[in-house]
>>> print(open('my_file-v4.csv').read())   # CSV, C-alpha atoms and all ligand atoms
chain,number,residue,atom,x,y,z
A,1321,MET,CA,-56.9,-51.0,20.4
A,1322,ASN,CA,-56.3,-47.5,21.6
A,1323,LYS,CA,-56.4,-45.9,25.0
A,1324,GLU,CA,-60.2,-45.4,24.9
A,1325,GLY,CA,-60.8,-49.0,24.0
A,1326,ASN,CA,-61.8,-48.1,20.4
A,1327,THR,CA,-60.6,-50.0,17.4
A,1328,SER,CA,-60.1,-48.5,14.0
A,1329,LYS,CA,-61.8,-51.0,11.8
A,1330,LYS,CA,-63.9,-51.3,8.7
A,1331,GLU,CA,-67.5,-52.2,9.4
A,1332,ASN,CA,-70.9,-52.0,7.9
A,1333,GLY,CA,-74.3,-52.6,9.5
A,1334,ASN,CA,-77.6,-51.1,10.5
A,1335,LEU,CA,-76.6,-48.0,12.4
A,1336,ASP,CA,-78.5,-45.0,13.7
A,1337,PHE,CA,-77.2,-41.5,13.9
A,1338,GLN,CA,-76.3,-40.1,17.2
A,1339,ASP,CA,-79.4,-38.3,18.4
A,1340,SER,CA,-77.7,-34.9,18.9
A,1341,HIS,CA,-76.4,-35.0,15.3
A,1342,LYS,CA,-79.7,-36.2,14.0
A,1343,LYS,CA,-81.6,-33.2,15.4
A,1344,ALA,CA,-79.4,-30.3,15.8
A,1345,PHE,CA,-76.8,-30.1,13.0
A,1346,PRO,CA,-76.9,-29.7,9.3
A,1347,PHE,CA,-76.3,-32.7,7.0
A,1348,GLY,CA,-75.1,-32.7,3.4
A,1349,ILE,CA,-74.7,-35.1,0.5
A,1350,TYR,CA,-71.7,-34.9,-1.8
A,1351,VAL,CA,-72.1,-36.5,-5.2
A,1352,HIS,CA,-68.8,-36.9,-7.0
A,1353,TRP,CA,-68.6,-37.3,-10.8
A,1354,PRO,CA,-65.0,-38.5,-11.5
A,1355,PHE,CA,-64.8,-37.8,-15.2
A,1356,CYS,CA,-63.4,-34.8,-17.2
A,1357,LEU,CA,-63.0,-34.0,-20.8
A,1358,SER,CA,-59.2,-33.6,-20.3
A,1359,LYS,CA,-56.8,-33.7,-17.4
A,1360,CYS,CA,-55.4,-30.3,-16.3
A,1361,PRO,CA,-51.7,-30.5,-15.6
A,1362,TYR,CA,-52.0,-29.0,-12.1
A,1363,CYS,CA,-54.9,-31.1,-10.9
A,1364,ASP,CA,-54.6,-34.0,-8.4
A,1365,PHE,CA,-58.3,-34.4,-7.8
A,1366,PHE,CA,-59.7,-37.9,-8.4
A,1367,SER,CA,-60.7,-37.6,-12.0
A,1368,ARG,CA,-60.2,-39.5,-15.2
A,1369,VAL,CA,-60.7,-38.9,-18.9
A,1370,LYS,CA,-62.9,-41.6,-20.3
A,1371,LYS,CA,-65.1,-41.2,-23.3
A,1372,ASP,CA,-67.2,-44.4,-23.3
A,1373,ILE,CA,-69.1,-44.1,-20.1
A,1374,ASN,CA,-72.5,-45.5,-19.8
A,1375,GLN,CA,-73.8,-42.6,-17.8
A,1376,ASP,CA,-77.3,-44.0,-17.1
A,1377,GLU,CA,-75.9,-47.3,-15.8
A,1378,LEU,CA,-73.5,-45.4,-13.4
A,1379,ILE,CA,-76.2,-43.1,-12.2
A,1380,SER,CA,-78.4,-46.1,-11.3
A,1381,LYS,CA,-75.5,-47.3,-9.1
A,1382,TYR,CA,-75.4,-43.9,-7.4
A,1383,LEU,CA,-79.1,-44.3,-6.7
A,1384,ASP,CA,-78.6,-47.8,-5.3
A,1385,ASP,CA,-75.8,-46.4,-3.0
A,1386,LEU,CA,-78.1,-43.6,-1.8
A,1387,THR,CA,-80.8,-46.2,-1.0
A,1388,TYR,CA,-78.2,-48.4,0.8
A,1389,TYR,CA,-77.0,-45.5,3.0
A,1390,ALA,CA,-80.5,-44.3,3.7
A,1391,GLN,CA,-81.3,-47.8,5.0
A,1392,THR,CA,-78.0,-48.0,7.0
A,1393,ILE,CA,-78.1,-44.6,8.7
A,1394,GLY,CA,-81.8,-43.6,8.7
A,1395,ASN,CA,-83.5,-40.4,7.7
A,1396,ARG,CA,-81.7,-37.1,8.0
A,1397,ASN,CA,-82.7,-33.5,7.3
A,1398,VAL,CA,-80.6,-32.7,4.2
A,1399,SER,CA,-79.6,-29.1,4.2
A,1400,SER,CA,-77.2,-29.2,1.2
A,1401,VAL,CA,-76.4,-31.4,-1.8
A,1402,PHE,CA,-73.1,-30.7,-3.7
A,1403,PHE,CA,-72.3,-32.1,-7.2
A,1404,GLY,CA,-68.5,-32.0,-7.4
A,1405,GLY,CA,-65.8,-33.5,-9.4
A,1406,GLY,CA,-64.2,-34.2,-11.7
A,1407,THR,CA,-66.6,-32.4,-14.0
A,1408,PRO,CA,-70.2,-32.9,-12.8
A,1409,SER,CA,-71.5,-30.5,-15.6
A,1410,LEU,CA,-71.0,-33.6,-17.8
A,1411,ILE,CA,-73.9,-35.3,-16.0
A,1412,SER,CA,-77.1,-34.8,-18.0
A,1413,PRO,CA,-79.6,-32.5,-16.3
A,1414,GLN,CA,-82.1,-35.5,-16.5
A,1415,ASN,CA,-79.7,-37.6,-14.4
A,1416,ILE,CA,-79.1,-34.7,-12.0
A,1417,GLU,CA,-82.9,-34.4,-11.5
A,1418,LYS,CA,-83.1,-38.2,-10.9
A,1419,ILE,CA,-80.5,-38.0,-8.1
A,1420,ILE,CA,-82.2,-35.0,-6.4
A,1421,GLU,CA,-85.6,-36.7,-6.6
A,1422,HIS,CA,-84.1,-39.8,-5.1
A,1423,ILE,CA,-82.5,-37.9,-2.3
A,1424,ALA,CA,-85.9,-36.2,-1.6
A,1425,LYS,CA,-87.6,-39.6,-1.5
A,1426,LEU,CA,-85.1,-41.2,0.9
A,1427,PHE,CA,-84.3,-38.3,3.2
A,1428,THR,CA,-86.0,-35.1,4.3
A,1429,LEU,CA,-84.6,-32.6,1.8
A,1430,SER,CA,-85.1,-29.1,3.3
A,1431,ASP,CA,-87.3,-26.7,1.3
A,1432,ASN,CA,-84.4,-24.2,1.2
A,1433,ALA,CA,-81.6,-26.8,0.7
A,1434,GLU,CA,-78.6,-25.4,-1.1
A,1435,ILE,CA,-78.1,-27.6,-4.2
A,1436,SER,CA,-74.8,-26.8,-5.9
A,1437,LEU,CA,-73.0,-27.9,-9.0
A,1438,GLU,CA,-69.5,-27.3,-10.2
A,1439,ALA,CA,-69.4,-26.5,-13.9
A,1440,ASN,CA,-66.5,-26.3,-16.2
A,1441,PRO,CA,-66.8,-23.7,-19.1
A,1442,ASN,CA,-65.6,-26.4,-21.5
A,1443,THR,CA,-68.8,-28.3,-21.1
A,1444,GLN,CA,-71.0,-25.4,-22.0
A,1445,LYS,CA,-73.7,-26.0,-24.6
A,1446,PRO,CA,-77.0,-24.2,-25.4
A,1447,HIS,CA,-79.5,-24.5,-22.5
A,1448,LEU,CA,-77.2,-26.4,-20.2
A,1449,PHE,CA,-77.5,-23.9,-17.4
A,1450,SER,CA,-81.2,-23.3,-17.7
A,1451,ASP,CA,-81.7,-27.1,-17.9
A,1452,LEU,CA,-79.6,-27.6,-14.7
A,1453,LYS,CA,-81.7,-25.0,-13.0
A,1454,LYS,CA,-84.9,-26.8,-14.0
A,1455,SER,CA,-83.4,-30.0,-12.7
A,1456,GLY,CA,-83.2,-28.5,-9.2
A,1457,ILE,CA,-79.7,-27.0,-9.0
A,1458,ASN,CA,-79.9,-23.6,-7.2
A,1459,ARG,CA,-76.3,-22.7,-6.8
A,1460,LEU,CA,-73.8,-22.7,-9.7
A,1461,SER,CA,-70.1,-22.6,-9.3
A,1462,LEU,CA,-68.0,-22.0,-12.4
A,1463,GLY,CA,-64.3,-23.2,-12.7
A,1464,VAL,CA,-63.1,-20.1,-14.5
A,1465,GLN,CA,-59.4,-20.4,-13.3
A,1466,SER,CA,-58.3,-17.3,-15.3
A,1467,LEU,CA,-59.7,-14.7,-17.6
A,1468,ASP,CA,-56.4,-14.5,-19.6
A,1469,ASP,CA,-56.0,-16.7,-22.6
A,1470,ASN,CA,-52.2,-17.2,-22.1
A,1471,GLU,CA,-52.8,-18.2,-18.5
A,1472,LEU,CA,-55.6,-20.6,-19.5
A,1473,LYS,CA,-53.2,-22.2,-22.0
A,1474,PHE,CA,-50.5,-22.6,-19.4
A,1475,LEU,CA,-53.1,-24.2,-17.1
A,1476,GLY,CA,-54.0,-26.6,-19.8
A,1477,ARG,CA,-57.6,-25.5,-19.8
A,1478,THR,CA,-59.6,-26.3,-23.0
A,1479,HIS,CA,-61.8,-23.2,-22.8
A,1480,SER,CA,-61.0,-19.6,-23.7
A,1481,ALA,CA,-61.4,-16.5,-21.6
A,1482,ASN,CA,-64.4,-15.5,-23.9
A,1483,GLN,CA,-66.1,-18.8,-23.2
A,1484,ALA,CA,-65.7,-18.3,-19.5
A,1485,LEU,CA,-67.1,-14.7,-19.8
A,1486,GLN,CA,-70.1,-16.0,-21.7
A,1487,ALA,CA,-70.7,-18.7,-19.1
A,1488,LEU,CA,-70.4,-16.2,-16.3
A,1489,GLU,CA,-72.9,-13.9,-18.1
A,1490,GLU,CA,-75.4,-16.9,-18.3
A,1491,ILE,CA,-75.1,-18.2,-14.8
A,1492,CYS,CA,-75.5,-14.7,-13.3
A,1493,SER,CA,-78.6,-14.1,-15.3
A,1494,LEU,CA,-80.1,-17.5,-14.3
A,1495,PHE,CA,-79.1,-18.2,-10.7
A,1496,ASP,CA,-79.3,-16.1,-7.6
A,1497,ASN,CA,-76.5,-18.0,-5.9
A,1498,THR,CA,-73.3,-18.1,-8.1
A,1499,SER,CA,-69.7,-18.7,-7.5
A,1500,ALA,CA,-66.5,-18.8,-9.5
A,1501,ASP,CA,-63.0,-20.2,-9.0
A,1502,LEU,CA,-59.8,-18.5,-10.0
A,1503,ILE,CA,-56.2,-19.8,-9.6
A,1504,TYR,CA,-53.5,-17.3,-8.9
A,1505,ALA,CA,-49.7,-17.1,-8.2
A,1506,LEU,CA,-48.9,-18.8,-11.5
A,1507,PRO,CA,-45.1,-18.9,-12.1
A,1508,ASP,CA,-45.0,-15.9,-14.5
A,1509,GLN,CA,-47.9,-13.9,-13.1
A,1510,ASN,CA,-47.2,-10.4,-11.9
A,1511,ALA,CA,-49.5,-8.4,-9.5
A,1512,ASP,CA,-51.0,-6.4,-12.3
A,1513,LEU,CA,-52.1,-9.5,-14.2
A,1514,TRP,CA,-53.6,-11.0,-11.1
A,1515,GLN,CA,-55.4,-7.7,-10.3
A,1516,GLN,CA,-56.8,-7.5,-13.9
A,1517,ASN,CA,-58.0,-11.1,-13.7
A,1518,LEU,CA,-59.8,-10.5,-10.5
A,1519,GLU,CA,-61.3,-7.2,-11.5
A,1520,ARG,CA,-62.6,-8.7,-14.8
A,1521,LEU,CA,-64.3,-11.4,-12.7
A,1522,LEU,CA,-65.7,-8.9,-10.2
A,1523,LYS,CA,-67.7,-7.1,-13.0
A,1524,PHE,CA,-70.1,-10.0,-12.6
A,1525,PRO,CA,-72.6,-10.0,-9.7
A,1526,LEU,CA,-71.2,-13.2,-8.2
A,1527,LYS,CA,-72.3,-14.1,-4.7
A,1528,HIS,CA,-69.2,-16.1,-3.9
A,1529,LEU,CA,-65.5,-16.5,-4.9
A,1530,SER,CA,-63.0,-19.2,-4.5
A,1531,LEU,CA,-59.5,-17.9,-5.0
A,1532,TYR,CA,-56.8,-20.6,-4.9
A,1533,GLN,CA,-53.1,-20.2,-4.9
A,1534,LEU,CA,-51.5,-22.6,-7.5
A,1535,THR,CA,-50.0,-25.6,-5.7
A,1536,ILE,CA,-47.8,-28.0,-7.4
A,1537,GLU,CA,-49.1,-31.4,-6.4
A,1538,GLU,CA,-47.1,-34.6,-6.5
A,1539,ASN,CA,-47.5,-36.8,-9.6
A,1540,THR,CA,-49.2,-34.1,-11.6
A,1541,ALA,CA,-47.9,-33.1,-15.1
A,1542,PHE,CA,-46.7,-29.8,-13.5
A,1543,ALA,CA,-44.7,-31.7,-10.9
A,1544,LYS,CA,-43.2,-34.0,-13.5
A,1545,LYS,CA,-42.2,-30.9,-15.6
A,1546,LYS,CA,-40.7,-29.4,-12.4
A,1547,ILE,CA,-42.8,-26.2,-12.7
A,1548,SER,CA,-41.8,-24.1,-9.7
A,1549,PRO,CA,-44.5,-22.2,-7.7
A,1550,LEU,CA,-44.2,-18.5,-7.2
A,1551,ALA,CA,-41.9,-17.5,-4.3
A,1552,ASP,CA,-43.8,-17.5,-1.0
A,1553,ASP,CA,-43.4,-13.8,-0.2
A,1554,GLU,CA,-44.8,-12.9,-3.7
A,1555,ALA,CA,-47.6,-15.3,-3.4
A,1556,ALA,CA,-48.4,-13.8,0.0
A,1557,SER,CA,-48.6,-10.4,-1.5
A,1558,PHE,CA,-51.0,-11.6,-4.2
A,1559,TYR,CA,-53.1,-13.1,-1.4
A,1560,SER,CA,-53.3,-9.7,0.4
A,1561,LEU,CA,-54.1,-8.0,-2.9
A,1562,ALA,CA,-57.0,-10.5,-3.4
A,1563,ASN,CA,-58.3,-9.8,0.1
A,1564,GLN,CA,-58.2,-6.1,-0.4
A,1565,ILE,CA,-60.0,-6.2,-3.8
A,1566,ALA,CA,-62.6,-8.7,-2.7
A,1567,SER,CA,-63.3,-6.8,0.5
A,1568,ALA,CA,-63.7,-3.5,-1.4
A,1569,LYS,CA,-66.4,-5.2,-3.5
A,1570,GLY,CA,-68.3,-6.4,-0.4
A,1571,TYR,CA,-67.0,-10.0,-0.3
A,1572,GLN,CA,-66.1,-11.2,3.2
A,1573,GLN,CA,-63.4,-13.7,3.6
A,1574,TYR,CA,-64.8,-16.6,5.6
A,1575,GLU,CA,-62.2,-19.3,4.8
A,1576,VAL,CA,-58.5,-19.3,3.7
A,1577,SER,CA,-59.5,-19.3,0.0
A,1578,ASN,CA,-63.2,-18.4,0.1
A,1579,TYR,CA,-65.1,-15.1,0.0
A,1580,ALA,CA,-68.8,-14.4,0.0
A,1581,GLN,CA,-71.4,-11.6,-0.1
A,1582,LYS,CA,-73.4,-11.5,3.2
A,1583,GLY,CA,-75.4,-14.7,3.6
A,1584,PHE,CA,-73.8,-16.5,0.7
A,1585,ALA,CA,-71.0,-18.6,2.3
A,1586,CYS,CA,-71.2,-22.1,0.8
A,1587,ARG,CA,-73.3,-24.0,3.3
A,1588,HIS,CA,-72.1,-27.4,2.0
A,1589,ASN,CA,-68.4,-26.6,2.3
A,1590,LEU,CA,-69.1,-25.2,5.8
A,1591,LEU,CA,-70.1,-28.7,6.9
A,1592,TYR,CA,-66.6,-29.9,6.2
A,1593,TRP,CA,-64.9,-27.0,7.9
A,1594,GLN,CA,-67.2,-27.0,10.9
A,1595,GLY,CA,-67.1,-30.8,11.4
A,1596,ASP,CA,-70.7,-31.6,10.6
A,1597,ASP,CA,-71.9,-34.8,9.0
A,1598,TYR,CA,-72.1,-35.5,5.3
A,1599,LEU,CA,-72.5,-38.5,3.0
A,1600,GLY,CA,-70.3,-39.0,-0.1
A,1601,ILE,CA,-71.6,-40.8,-3.2
A,1602,GLY,CA,-69.4,-41.7,-6.2
A,1603,GLN,CA,-66.0,-43.2,-6.6
A,1604,GLY,CA,-63.9,-40.3,-5.3
A,1605,ALA,CA,-66.3,-39.3,-2.6
A,1606,HIS,CA,-66.0,-39.7,1.2
A,1607,GLY,CA,-68.1,-38.8,4.1
A,1608,ARG,CA,-68.1,-38.3,7.9
A,1609,LEU,CA,-71.0,-39.8,9.9
A,1610,SER,CA,-71.7,-39.7,13.6
A,1611,LEU,CA,-73.5,-42.8,14.5
A,1612,SER,CA,-74.7,-44.2,17.8
A,1613,SER,CA,-71.7,-46.5,17.8
A,1614,GLY,CA,-69.1,-43.8,17.0
A,1615,ILE,CA,-67.7,-41.5,14.3
A,1616,TYR,CA,-67.1,-43.0,10.9
A,1617,ALA,CA,-65.1,-42.1,7.8
A,1618,GLN,CA,-67.3,-43.3,4.9
A,1619,SER,CA,-65.9,-44.0,1.5
A,1620,PHE,CA,-66.5,-45.8,-1.8
A,1621,PRO,CA,-67.5,-48.6,-2.1
A,1622,ARG,CA,-69.9,-48.7,0.9
A,1623,LEU,CA,-67.1,-48.6,3.5
A,1624,LEU,CA,-67.4,-47.3,7.0
A,1625,GLU,CA,-64.2,-47.0,9.0
A,1626,LYS,CA,-64.4,-46.1,12.7
A,1627,LEU,CA,-62.3,-43.1,13.7
A,1628,THR,CA,-61.0,-42.6,17.2
A,1629,PRO,CA,-62.1,-39.4,18.9
A,1630,GLN,CA,-58.5,-38.2,18.7
A,1631,GLU,CA,-58.4,-38.8,14.9
A,1632,ARG,CA,-61.7,-36.8,14.5
A,1633,ALA,CA,-60.4,-34.1,16.9
A,1634,GLU,CA,-57.3,-33.6,14.8
A,1635,GLU,CA,-59.4,-33.3,11.6
A,1636,LEU,CA,-61.5,-30.7,13.3
A,1637,VAL,CA,-58.5,-28.6,14.1
A,1638,ILE,CA,-57.1,-29.0,10.5
A,1639,MET,CA,-60.5,-28.0,9.0
A,1640,GLY,CA,-61.7,-25.5,11.6
A,1641,LEU,CA,-58.6,-23.3,11.5
A,1642,ARG,CA,-59.3,-22.6,7.8
A,1643,LEU,CA,-62.3,-20.6,8.8
A,1644,THR,CA,-61.9,-16.9,9.7
A,1645,SER,CA,-64.4,-17.6,12.6
A,1646,GLY,CA,-62.0,-20.4,13.7
A,1647,ILE,CA,-63.0,-23.4,15.8
A,1648,ASN,CA,-66.0,-23.2,18.1
A,1649,LYS,CA,-65.0,-25.0,21.2
A,1650,LYS,CA,-68.5,-26.2,22.1
A,1651,HIS,CA,-69.1,-27.5,18.6
A,1652,PHE,CA,-65.7,-29.2,18.7
A,1653,TYR,CA,-66.8,-31.2,21.8
A,1654,ASP,CA,-70.2,-32.0,20.2
A,1655,CYS,CA,-68.4,-33.4,17.1
A,1656,CYS,CA,-65.7,-35.6,18.8
A,1657,GLN,CA,-66.6,-35.8,22.5
A,1658,ILE,CA,-63.2,-34.4,23.6
A,1659,LYS,CA,-62.9,-31.0,25.3
A,1660,PHE,CA,-61.0,-28.6,23.1
A,1661,ASP,CA,-58.9,-27.3,25.9
A,1662,ASP,CA,-57.8,-30.8,26.8
A,1663,PHE,CA,-57.0,-31.8,23.2
A,1664,ILE,CA,-54.7,-29.0,22.1
A,1665,ASN,CA,-51.2,-28.3,23.3
A,1666,GLN,CA,-51.7,-25.5,25.8
A,1667,LYS,CA,-48.0,-24.5,26.0
A,1668,HIS,CA,-47.8,-24.1,22.2
A,1669,LEU,CA,-51.1,-22.3,22.1
A,1670,ALA,CA,-49.7,-19.7,24.5
A,1671,GLU,CA,-46.6,-19.2,22.4
A,1672,LEU,CA,-48.6,-18.9,19.1
A,1673,LYS,CA,-50.9,-16.3,20.7
A,1674,GLN,CA,-47.9,-14.4,21.9
A,1675,GLN,CA,-46.6,-14.4,18.3
A,1676,ASN,CA,-49.9,-13.0,17.1
A,1677,LEU,CA,-50.6,-16.0,15.0
A,1678,LEU,CA,-53.7,-17.1,16.9
A,1679,GLN,CA,-56.5,-15.3,18.8
A,1680,GLU,CA,-58.6,-16.9,21.5
A,1681,ASP,CA,-61.7,-16.1,23.4
A,1682,SER,CA,-63.9,-18.2,25.7
A,1683,GLN,CA,-65.8,-19.6,22.7
A,1684,ASN,CA,-63.5,-19.7,19.7
A,1685,LEU,CA,-59.9,-20.2,18.6
A,1686,LYS,CA,-58.9,-18.6,15.3
A,1687,ALA,CA,-55.9,-17.8,13.2
A,1688,THR,CA,-55.0,-14.1,12.6
A,1689,GLN,CA,-54.3,-12.9,9.1
A,1690,GLN,CA,-50.6,-13.5,9.8
A,1691,GLY,CA,-51.5,-17.0,11.1
A,1692,PHE,CA,-53.4,-17.9,7.9
A,1693,LEU,CA,-50.0,-17.7,6.0
A,1694,VAL,CA,-48.6,-20.5,8.2
A,1695,LEU,CA,-51.6,-22.7,8.9
A,1696,ASN,CA,-49.8,-26.0,8.6
A,1697,TYR,CA,-47.3,-24.9,11.2
A,1698,LEU,CA,-50.1,-23.8,13.6
A,1699,ILE,CA,-51.9,-27.2,13.2
A,1700,GLU,CA,-48.7,-29.1,13.8
A,1701,LYS,CA,-48.0,-27.2,17.0
A,1702,LEU,CA,-51.5,-27.3,18.4
A,1703,CYS,CA,-51.9,-31.1,17.8
A,1704,SER,CA,-48.4,-32.1,19.1
A,1801,LIG,C1,-62.4,-30.2,-8.0
A,1801,LIG,S1,-61.8,-28.9,-9.0
A,1801,LIG,C2,-63.2,-29.0,-10.0
A,1801,LIG,C3,-63.6,-27.9,-10.9
A,1801,LIG,C4,-63.9,-28.2,-12.3
A,1801,LIG,N1,-63.7,-29.5,-12.7
A,1801,LIG,C5,-63.1,-27.3,-13.2
A,1801,LIG,O1,-61.9,-27.7,-13.4
A,1801,LIG,O2,-63.5,-26.2,-13.5
A,1801,LIG,C6,-62.1,-27.5,-7.9
A,1801,LIG,C7,-61.2,-26.4,-8.0
A,1801,LIG,O3,-59.9,-26.6,-7.4
A,1801,LIG,C8,-59.0,-25.7,-7.9
A,1801,LIG,N2,-57.7,-26.4,-8.1
A,1801,LIG,C9,-57.5,-27.7,-8.5
A,1801,LIG,N3,-56.2,-28.0,-8.4
A,1801,LIG,C10,-55.5,-26.9,-8.0
A,1801,LIG,C11,-54.1,-26.6,-7.8
A,1801,LIG,N4,-53.2,-27.5,-8.0
A,1801,LIG,N5,-53.8,-25.4,-7.3
A,1801,LIG,C12,-54.8,-24.5,-7.1
A,1801,LIG,N6,-56.1,-24.7,-7.3
A,1801,LIG,C13,-56.5,-25.9,-7.7
A,1801,LIG,C14,-59.5,-25.2,-9.2
A,1801,LIG,O4,-59.8,-23.8,-9.0
A,1801,LIG,C15,-60.8,-25.9,-9.4
A,1801,LIG,O5,-61.8,-25.1,-9.9
A,1802,LIG,S1,-59.2,-29.1,-12.7
A,1802,LIG,FE1,-61.3,-29.8,-13.1
A,1802,LIG,S2,-61.4,-30.2,-15.3
A,1802,LIG,FE2,-59.3,-30.1,-14.7
A,1802,LIG,S3,-58.7,-32.2,-14.3
A,1802,LIG,FE3,-59.2,-31.3,-12.4
A,1802,LIG,S4,-61.3,-31.8,-12.0
A,1802,LIG,FE4,-60.9,-32.1,-14.2
>>> encode(input="my_file-v4.csv", output="structure tokens")
Amino acid sequence: MNKEGNTSKKENGNLDFQDSHKKAFPFGIYVHWPFCLSKCPYCDFFSRVKKDINQDELISKYLDDLTYYAQTIGNRNVSSVFFGGGTPSLISPQNIEKIIEHIAKLFTLSDNAEISLEANPNTQKPHLFSDLKKSGINRLSLGVQSLDDNELKFLGRTHSANQALQALEEICSLFDNTSADLIYALPDQNADLWQQNLERLLKFPLKHLSLYQLTIEENTAFAKKKISPLADDEAASFYSLANQIASAKGYQQYEVSNYAQKGFACRHNLLYWQGDDYLGIGQGAHGRLSLSSGIYAQSFPRLLEKLTPQERAEELVIMGLRLTSGINKKHFYDCCQIKFDDFINQKHLAELKQQNLLQEDSQNLKATQQGFLVLNYLIEKLCS
């Protein structure tokens, strides 16, 4: 038992959402497909290479889980659905349609809901993207990673730059809302190569970009091979270059690694960063649910674990500082019922502002561009 008399425990039951969350805030559903055609050596996402999957059987379990959660938490206005992975472009468009229809039957799916899918160019086949569009997907995000064949080979990708270019061409002609991922700061990359990659990508009228600095994650093939990341100062200069190039093309940075044309920030991912509610379906998925009995971390298989307000508050700082708009103090209170000014370490806050790493006004606290380079340090100081 903690100070507030809450216990952190696993529990299920018939639970209603907190009224405020039910009415006022967006709600999303994340559908995770945990399979890939091959395992990329840098990736520590929950994903497996498995050929003999009975997809229809698994999808019917997803539908059952959706029904279970609809009964448990009641109806919500769903403003976004995100098919992520793994490689969800391996799910057949018929099954994608089944899931979307089931969500619409169980919950109130907004007319203008953002329905995204992450596609890998190595799953491309004729009509895949147009079939996905017919199945209800209205935002397509492509895992390009690089437009240089040598880099793609280093990253263990099983598609070529030409395949990625062809897929980009197709998604931009089919979808209004498109995004692509690139990975930069590879060990042998120089600034010219990075610039060329980004400029090749920006020839396409994409609405959104995710530009990730390569991280060497524990237990990945890269970590086992002792691949070293690019030196911090060089990686920081690639990051500044990315910001300049993206901004010159009209993309506004709204999160550490994410950039969007006006009005095209990813609404689903904003739920995570702003601390709103979402449900996660599939083996590697998790959710956050505000219920009348408290705030819950939801995970597979059908688990609800109560979070203390402090645990939720810390998550809100970790996620919120990633946004260029920072943490909205009022929303922070709505999400964890703790006043922001009471939660954070005021002495450290004053020091970090003095060092020009944080900026604060009466409504928000946000990291400066300099602060973005040391986010983990800021979080640690604010939460200690
Ligand atoms: C969940 S992955 C799924 C995307 C899709 N399966 C694909 O590979 O195209 C989402 C994104 O995370 C990024 N990513 C994964 N591991 C990374 C790492 N170690 N360093 C940097 N970016 C990484 C990649 O850009 C990838 O597109
Ligand atoms: S990067 Fe994408 S394709 Fe590669 S292993 Fe991870 S989830 Fe699968």
>>> closest_atom_pairs(input="my_file-v4.csv", of="chain A", to="ligand LIG 1802 (chain A)", cutoff="6 Å", atoms="only C-alpha atoms and all ligand atoms", output="tab-separated table")
residue	atom	partner	partner_atom	distance
A:Cys1356	CA	A:LIG1802	FE4	4.7
A:Lys1359	CA	A:LIG1802	S3	3.9
A:Cys1360	CA	A:LIG1802	FE2	4.2
A:Cys1363	CA	A:LIG1802	FE3	4.6
A:Phe1365	CA	A:LIG1802	FE3	5.6
A:Ser1367	CA	A:LIG1802	S4	5.8
A:Gly1405	CA	A:LIG1802	S4	5.5
A:Gly1406	CA	A:LIG1802	S4	3.8
A:Thr1407	CA	A:LIG1802	S4	5.7
>>> closest_residue(input="my_file-v4.csv", among="A:Gln1483, A:Lys1370, A:Leu1678, A:Trp1353", to="Lys1445 in chain A", atoms="all atoms listed in the file")
A:Gln1483
>>> atom_distance(input="my_file-v4.csv", atom1="CA of Phe1347 in chain A", atom2="CA of Ser1645 in chain A")
20.0 Å
>>> atom_distance(input="my_file-v4.csv", atom1="CA of Asp1385 in chain A", atom2="CA of Val1401 in chain A")
15.1 Å
>>> atom_distance(input="my_file-v4.csv", atom1="CA of Ser1480 in chain A", atom2="atom C15 of ligand LIG 1801 (chain A)")
15.6 Å
>>> residues_around(input="my_file-v4.csv", residues="Lys1649 in chain A", least_positions_apart="2", cutoff="10 Å", atoms="only C-alpha atoms", output="PyMOL selection string")
chain A and resi 1646-1647+1651-1655+1658-1661+1681-1685
>>> residues_near_ligand(input="my_file-v4.csv", ligand="ligand LIG 1801 (chain A)", cutoff="6 Å", atoms="only C-alpha atoms and all ligand atoms", output="list in words")
Tyr1362, Cys1363, Phe1365, Gly1405, Gly1406, Thr1407, Glu1438, Ala1439, Asn1440, Gly1463, Gln1465, Asp1501, Leu1502, Ile1503, Tyr1532, Gln1533, Leu1534, Thr1535, Ile1536 and Glu1537 of chain A
>>> residues_around(input="my_file-v4.csv", residues="Asp1496 in chain A", least_positions_apart="3", cutoff="12 Å", atoms="all atoms listed in the file", output="JSON, numbers by chain")
{"A": [1434, 1436, 1453, 1457, 1458, 1459, 1460, 1461, 1490, 1491, 1492, 1493, 1499, 1525, 1526, 1527, 1528, 1581, 1583, 1584]}
>>> closest_residue(input="my_file-v4.csv", among="A:Leu1643, A:Ile1373, A:Leu1591, A:Leu1475", to="Ser1400 in chain A", atoms="only C-alpha atoms")
A:Leu1591
>>> closest_residue(input="my_file-v4.csv", among="A:Ala1562, A:Cys1586, A:Ile1615, A:Val1576", to="Ile1638 in chain A", atoms="all atoms listed in the file")
A:Val1576
>>> residues_around(input="my_file-v4.csv", residues="His1352 in chain A", least_positions_apart="5", cutoff="9 Å", atoms="only C-alpha atoms", output="ChimeraX atom specification")
/A:1402-1408,1600-1605
>>> write_last_selection(input="my_file-v4.csv", atoms="C-alpha atoms", output="tab-separated table (two decimals), in the frame of the given file")
chain	number	residue	atom	x	y	z
A	1402	PHE	CA	-73.10	-30.70	-3.70
A	1403	PHE	CA	-72.30	-32.10	-7.20
A	1404	GLY	CA	-68.50	-32.00	-7.40
A	1405	GLY	CA	-65.80	-33.50	-9.40
A	1406	GLY	CA	-64.20	-34.20	-11.70
A	1407	THR	CA	-66.60	-32.40	-14.00
A	1408	PRO	CA	-70.20	-32.90	-12.80
A	1600	GLY	CA	-70.30	-39.00	-0.10
A	1601	ILE	CA	-71.60	-40.80	-3.20
A	1602	GLY	CA	-69.40	-41.70	-6.20
A	1603	GLN	CA	-66.00	-43.20	-6.60
A	1604	GLY	CA	-63.90	-40.30	-5.30
A	1605	ALA	CA	-66.30	-39.30	-2.60
